[in-house]
Amino acid sequence: MSIYLLFVQHLIYALKNTGKGAIVVPTGFITAQSGIEKTIRQKLIENNWLHGVVSMPANIFANTGTQVSVVFIDKSPETKRPVFIDASKLGTQIKDGKNQRTVLSAAEEAQIVKAFLCHDNIEDFSIHPSEEEIVAKNYSFSAGQYFDIKIEHIPISQSEFKQKMSDYQQELSQLFAQSNALEKEIFANLEKVFLQE
């Protein structure tokens, strides 16, 4: 429910000038491209109040399947870069009564805490983007948007390339033929329906 945005704003307003706080939000909050969500994120960055964001795994709470993130706010005046952590792939699914739940192991909890406190940049897990990088990403707080995309190149010979292209062409020809046959069948069935009327 969008009322959580009022709680986020209330928390920010209620903190003293050196206050610290954390709030659990739906993960959609950290990537929304417009509206009050983006305005709040922008204010956190412009005032240097964002300490970090941890994106949690799905079903971390037994009574909701909503994926959540924890936003940490720190109004103390020292300059700092926020840490973004993608913990969404951690945890083990267990059955809790009628619900599925994700449980973090002690080692996984320690991994999150260490990355958060030590400001470690860990490949595909945590990153400390600059304000400029955050502005360039439209104030997104999602760690995944800051990770480098890796492209794997597999060398193949010219004959292997030609064979692959030939296979793709054959497959496409078969799919087009199936599509044409299906189209004719549909039109034939439509004609039968019109004739029955």
# chains A, B, ... in the order shown; residues from 1 in each chain; ligands from 1
>>> residues_around(residues="region 73-87 of chain A", least_positions_apart="2", cutoff="6 Å", atoms="only C-alpha atoms", output="MDAnalysis selection string")
chainID A and resid 17:22 49:56 89:90 125:128 143
>>> residues_around(residues="region 93-97 of chain A", least_positions_apart="3", cutoff="10 Å", atoms="only C-alpha atoms", output="PDB file with N, CA and C atoms, in the first residue's frame")
ATOM      1  N   PRO A  57      16.024 -11.162   0.053  1.00  0.00           N
ATOM      2  CA  PRO A  57      15.406 -12.222  -0.765  1.00  0.00           C
ATOM      3  C   PRO A  57      13.880 -12.194  -0.639  1.00  0.00           C
ATOM      4  N   ALA A  58      13.208 -12.783  -1.604  1.00  0.00           N
ATOM      5  CA  ALA A  58      11.753 -12.903  -1.544  1.00  0.00           C
ATOM      6  C   ALA A  58      11.361 -13.780  -0.355  1.00  0.00           C
ATOM      7  N   ASN A  59      10.192 -13.548   0.183  1.00  0.00           N
ATOM      8  CA  ASN A  59       9.625 -14.341   1.292  1.00  0.00           C
ATOM      9  C   ASN A  59      10.493 -14.320   2.549  1.00  0.00           C
ATOM     10  N   ILE A  60      11.182 -13.216   2.772  1.00  0.00           N
ATOM     11  CA  ILE A  60      12.002 -13.120   3.978  1.00  0.00           C
ATOM     12  C   ILE A  60      11.105 -12.992   5.207  1.00  0.00           C
ATOM     13  N   ALA A  62       7.464 -14.274   6.742  1.00  0.00           N
ATOM     14  CA  ALA A  62       6.577 -15.426   6.524  1.00  0.00           C
ATOM     15  C   ALA A  62       5.188 -15.026   6.059  1.00  0.00           C
ATOM     16  N   ASN A  63       4.715 -13.851   6.438  1.00  0.00           N
ATOM     17  CA  ASN A  63       3.327 -13.505   6.137  1.00  0.00           C
ATOM     18  C   ASN A  63       3.154 -12.679   4.863  1.00  0.00           C
ATOM     19  N   LEU A  90      20.442 -14.729  -1.673  1.00  0.00           N
ATOM     20  CA  LEU A  90      20.848 -15.475  -0.484  1.00  0.00           C
ATOM     21  C   LEU A  90      19.654 -16.178   0.157  1.00  0.00           C
ATOM     22  N   GLN A 100       5.688 -20.341   2.569  1.00  0.00           N
ATOM     23  CA  GLN A 100       7.096 -20.507   2.238  1.00  0.00           C
ATOM     24  C   GLN A 100       7.831 -19.323   2.839  1.00  0.00           C
ATOM     25  N   ARG A 101       9.018 -19.555   3.333  1.00  0.00           N
ATOM     26  CA  ARG A 101       9.793 -18.478   3.923  1.00  0.00           C
ATOM     27  C   ARG A 101      11.253 -18.662   3.562  1.00  0.00           C
ATOM     28  N   THR A 102      11.970 -17.564   3.427  1.00  0.00           N
ATOM     29  CA  THR A 102      13.401 -17.612   3.166  1.00  0.00           C
ATOM     30  C   THR A 102      14.134 -17.310   4.463  1.00  0.00           C
ATOM     31  N   VAL A 103      15.091 -18.147   4.793  1.00  0.00           N
ATOM     32  CA  VAL A 103      15.863 -17.974   6.024  1.00  0.00           C
ATOM     33  C   VAL A 103      17.326 -17.774   5.659  1.00  0.00           C
ATOM     34  N   LEU A 104      17.925 -16.747   6.255  1.00  0.00           N
ATOM     35  CA  LEU A 104      19.348 -16.496   6.044  1.00  0.00           C
ATOM     36  C   LEU A 104      20.157 -17.275   7.072  1.00  0.00           C
TER      37      LEU A 104
END
>>> atom_distance(atom1="CA of Asn47 (chain A)", atom2="CA of Ile3 (chain A)")
23.3 Å
>>> select_by_dssp(residues="region 18-181 of chain A", states="alpha helix (DSSP H)", output="number ranges by chain")
A: 35-46, 106-118, 131-136, 158-181
>>> write_last_selection(atoms="C-alpha atoms", output="PDB file, in the first residue's frame")
ATOM      1  CA  GLY A  35       6.506  10.007  -8.436  1.00  0.00           C
ATOM      2  CA  ILE A  36       7.061  10.494  -4.724  1.00  0.00           C
ATOM      3  CA  GLU A  37       9.354   7.447  -4.497  1.00  0.00           C
ATOM      4  CA  LYS A  38      11.911   9.055  -6.808  1.00  0.00           C
ATOM      5  CA  THR A  39      11.517  12.447  -5.069  1.00  0.00           C
ATOM      6  CA  ILE A  40      12.265  10.872  -1.666  1.00  0.00           C
ATOM      7  CA  ARG A  41      15.321   9.032  -3.057  1.00  0.00           C
ATOM      8  CA  GLN A  42      16.543  12.240  -4.676  1.00  0.00           C
ATOM      9  CA  LYS A  43      16.203  14.135  -1.363  1.00  0.00           C
ATOM     10  CA  LEU A  44      18.159  11.417   0.473  1.00  0.00           C
ATOM     11  CA  ILE A  45      21.026  11.701  -2.024  1.00  0.00           C
ATOM     12  CA  GLU A  46      21.047  15.502  -2.282  1.00  0.00           C
ATOM     13  CA  ALA A 106      24.444 -16.974  10.184  1.00  0.00           C
ATOM     14  CA  ALA A 107      27.210 -16.878   7.543  1.00  0.00           C
ATOM     15  CA  GLU A 108      24.940 -15.036   5.072  1.00  0.00           C
ATOM     16  CA  GLU A 109      23.922 -12.529   7.753  1.00  0.00           C
ATOM     17  CA  ALA A 110      27.607 -11.980   8.548  1.00  0.00           C
ATOM     18  CA  GLN A 111      28.345 -11.503   4.827  1.00  0.00           C
ATOM     19  CA  ILE A 112      25.718  -8.731   4.598  1.00  0.00           C
ATOM     20  CA  VAL A 113      26.891  -7.027   7.806  1.00  0.00           C
ATOM     21  CA  LYS A 114      30.568  -7.169   6.769  1.00  0.00           C
ATOM     22  CA  ALA A 115      29.870  -5.713   3.320  1.00  0.00           C
ATOM     23  CA  PHE A 116      27.779  -2.976   4.907  1.00  0.00           C
ATOM     24  CA  LEU A 117      30.204  -2.010   7.667  1.00  0.00           C
ATOM     25  CA  CYS A 118      33.489  -2.463   5.802  1.00  0.00           C
ATOM     26  CA  GLU A 131      26.515  10.673  -6.164  1.00  0.00           C
ATOM     27  CA  GLU A 132      27.184  11.291  -9.863  1.00  0.00           C
ATOM     28  CA  GLU A 133      26.676   7.600 -10.674  1.00  0.00           C
ATOM     29  CA  ILE A 134      23.421   7.545  -8.684  1.00  0.00           C
ATOM     30  CA  VAL A 135      22.119  10.663 -10.479  1.00  0.00           C
ATOM     31  CA  ALA A 136      23.064   9.085 -13.833  1.00  0.00           C
ATOM     32  CA  GLN A 158      34.354 -19.909 -39.617  1.00  0.00           C
ATOM     33  CA  SER A 159      32.981 -23.347 -40.518  1.00  0.00           C
ATOM     34  CA  GLU A 160      31.312 -23.655 -37.069  1.00  0.00           C
ATOM     35  CA  PHE A 161      29.782 -20.196 -37.559  1.00  0.00           C
ATOM     36  CA  LYS A 162      28.441 -21.171 -41.012  1.00  0.00           C
ATOM     37  CA  GLN A 163      26.990 -24.396 -39.577  1.00  0.00           C
ATOM     38  CA  LYS A 164      25.236 -22.487 -36.760  1.00  0.00           C
ATOM     39  CA  MET A 165      23.793 -19.977 -39.227  1.00  0.00           C
ATOM     40  CA  SER A 166      22.590 -22.814 -41.475  1.00  0.00           C
ATOM     41  CA  ASP A 167      20.920 -24.518 -38.482  1.00  0.00           C
ATOM     42  CA  TYR A 168      19.226 -21.234 -37.486  1.00  0.00           C
ATOM     43  CA  GLN A 169      17.959 -20.731 -41.042  1.00  0.00           C
ATOM     44  CA  GLN A 170      16.513 -24.248 -41.137  1.00  0.00           C
ATOM     45  CA  GLU A 171      14.829 -23.735 -37.774  1.00  0.00           C
ATOM     46  CA  LEU A 172      13.381 -20.402 -38.899  1.00  0.00           C
ATOM     47  CA  SER A 173      12.091 -21.964 -42.138  1.00  0.00           C
ATOM     48  CA  GLN A 174      10.335 -24.687 -40.128  1.00  0.00           C
ATOM     49  CA  LEU A 175       8.811 -22.127 -37.766  1.00  0.00           C
ATOM     50  CA  PHE A 176       7.602 -19.986 -40.664  1.00  0.00           C
ATOM     51  CA  ALA A 177       6.071 -23.046 -42.311  1.00  0.00           C
ATOM     52  CA  GLN A 178       4.274 -23.954 -39.061  1.00  0.00           C
ATOM     53  CA  SER A 179       3.083 -20.371 -38.744  1.00  0.00           C
ATOM     54  CA  ASN A 180       1.684 -20.381 -42.304  1.00  0.00           C
ATOM     55  CA  ALA A 181      -0.083 -23.703 -41.731  1.00  0.00           C
TER      56      ALA A 181
END
>>> atom_distance(atom1="CA of Glu152 (chain A)", atom2="CA of Ser140 (chain A)")
26.6 Å
>>> closest_residue(among="A:Ile154, A:Ser88, A:Thr66, A:His119", to="Gly28 (chain A)", atoms="only C-alpha atoms")
A:Thr66
>>> select_by_dssp(residues="region 1-191 of chain A", states="strand (DSSP E)", output="number ranges by chain")
A: 20-26, 50-55, 68-74, 83-86, 92-96, 99-103, 126-127
>>> atom_distance(atom1="CA of Tyr4 (chain A)", atom2="CA of Ala32 (chain A)")
14.2 Å
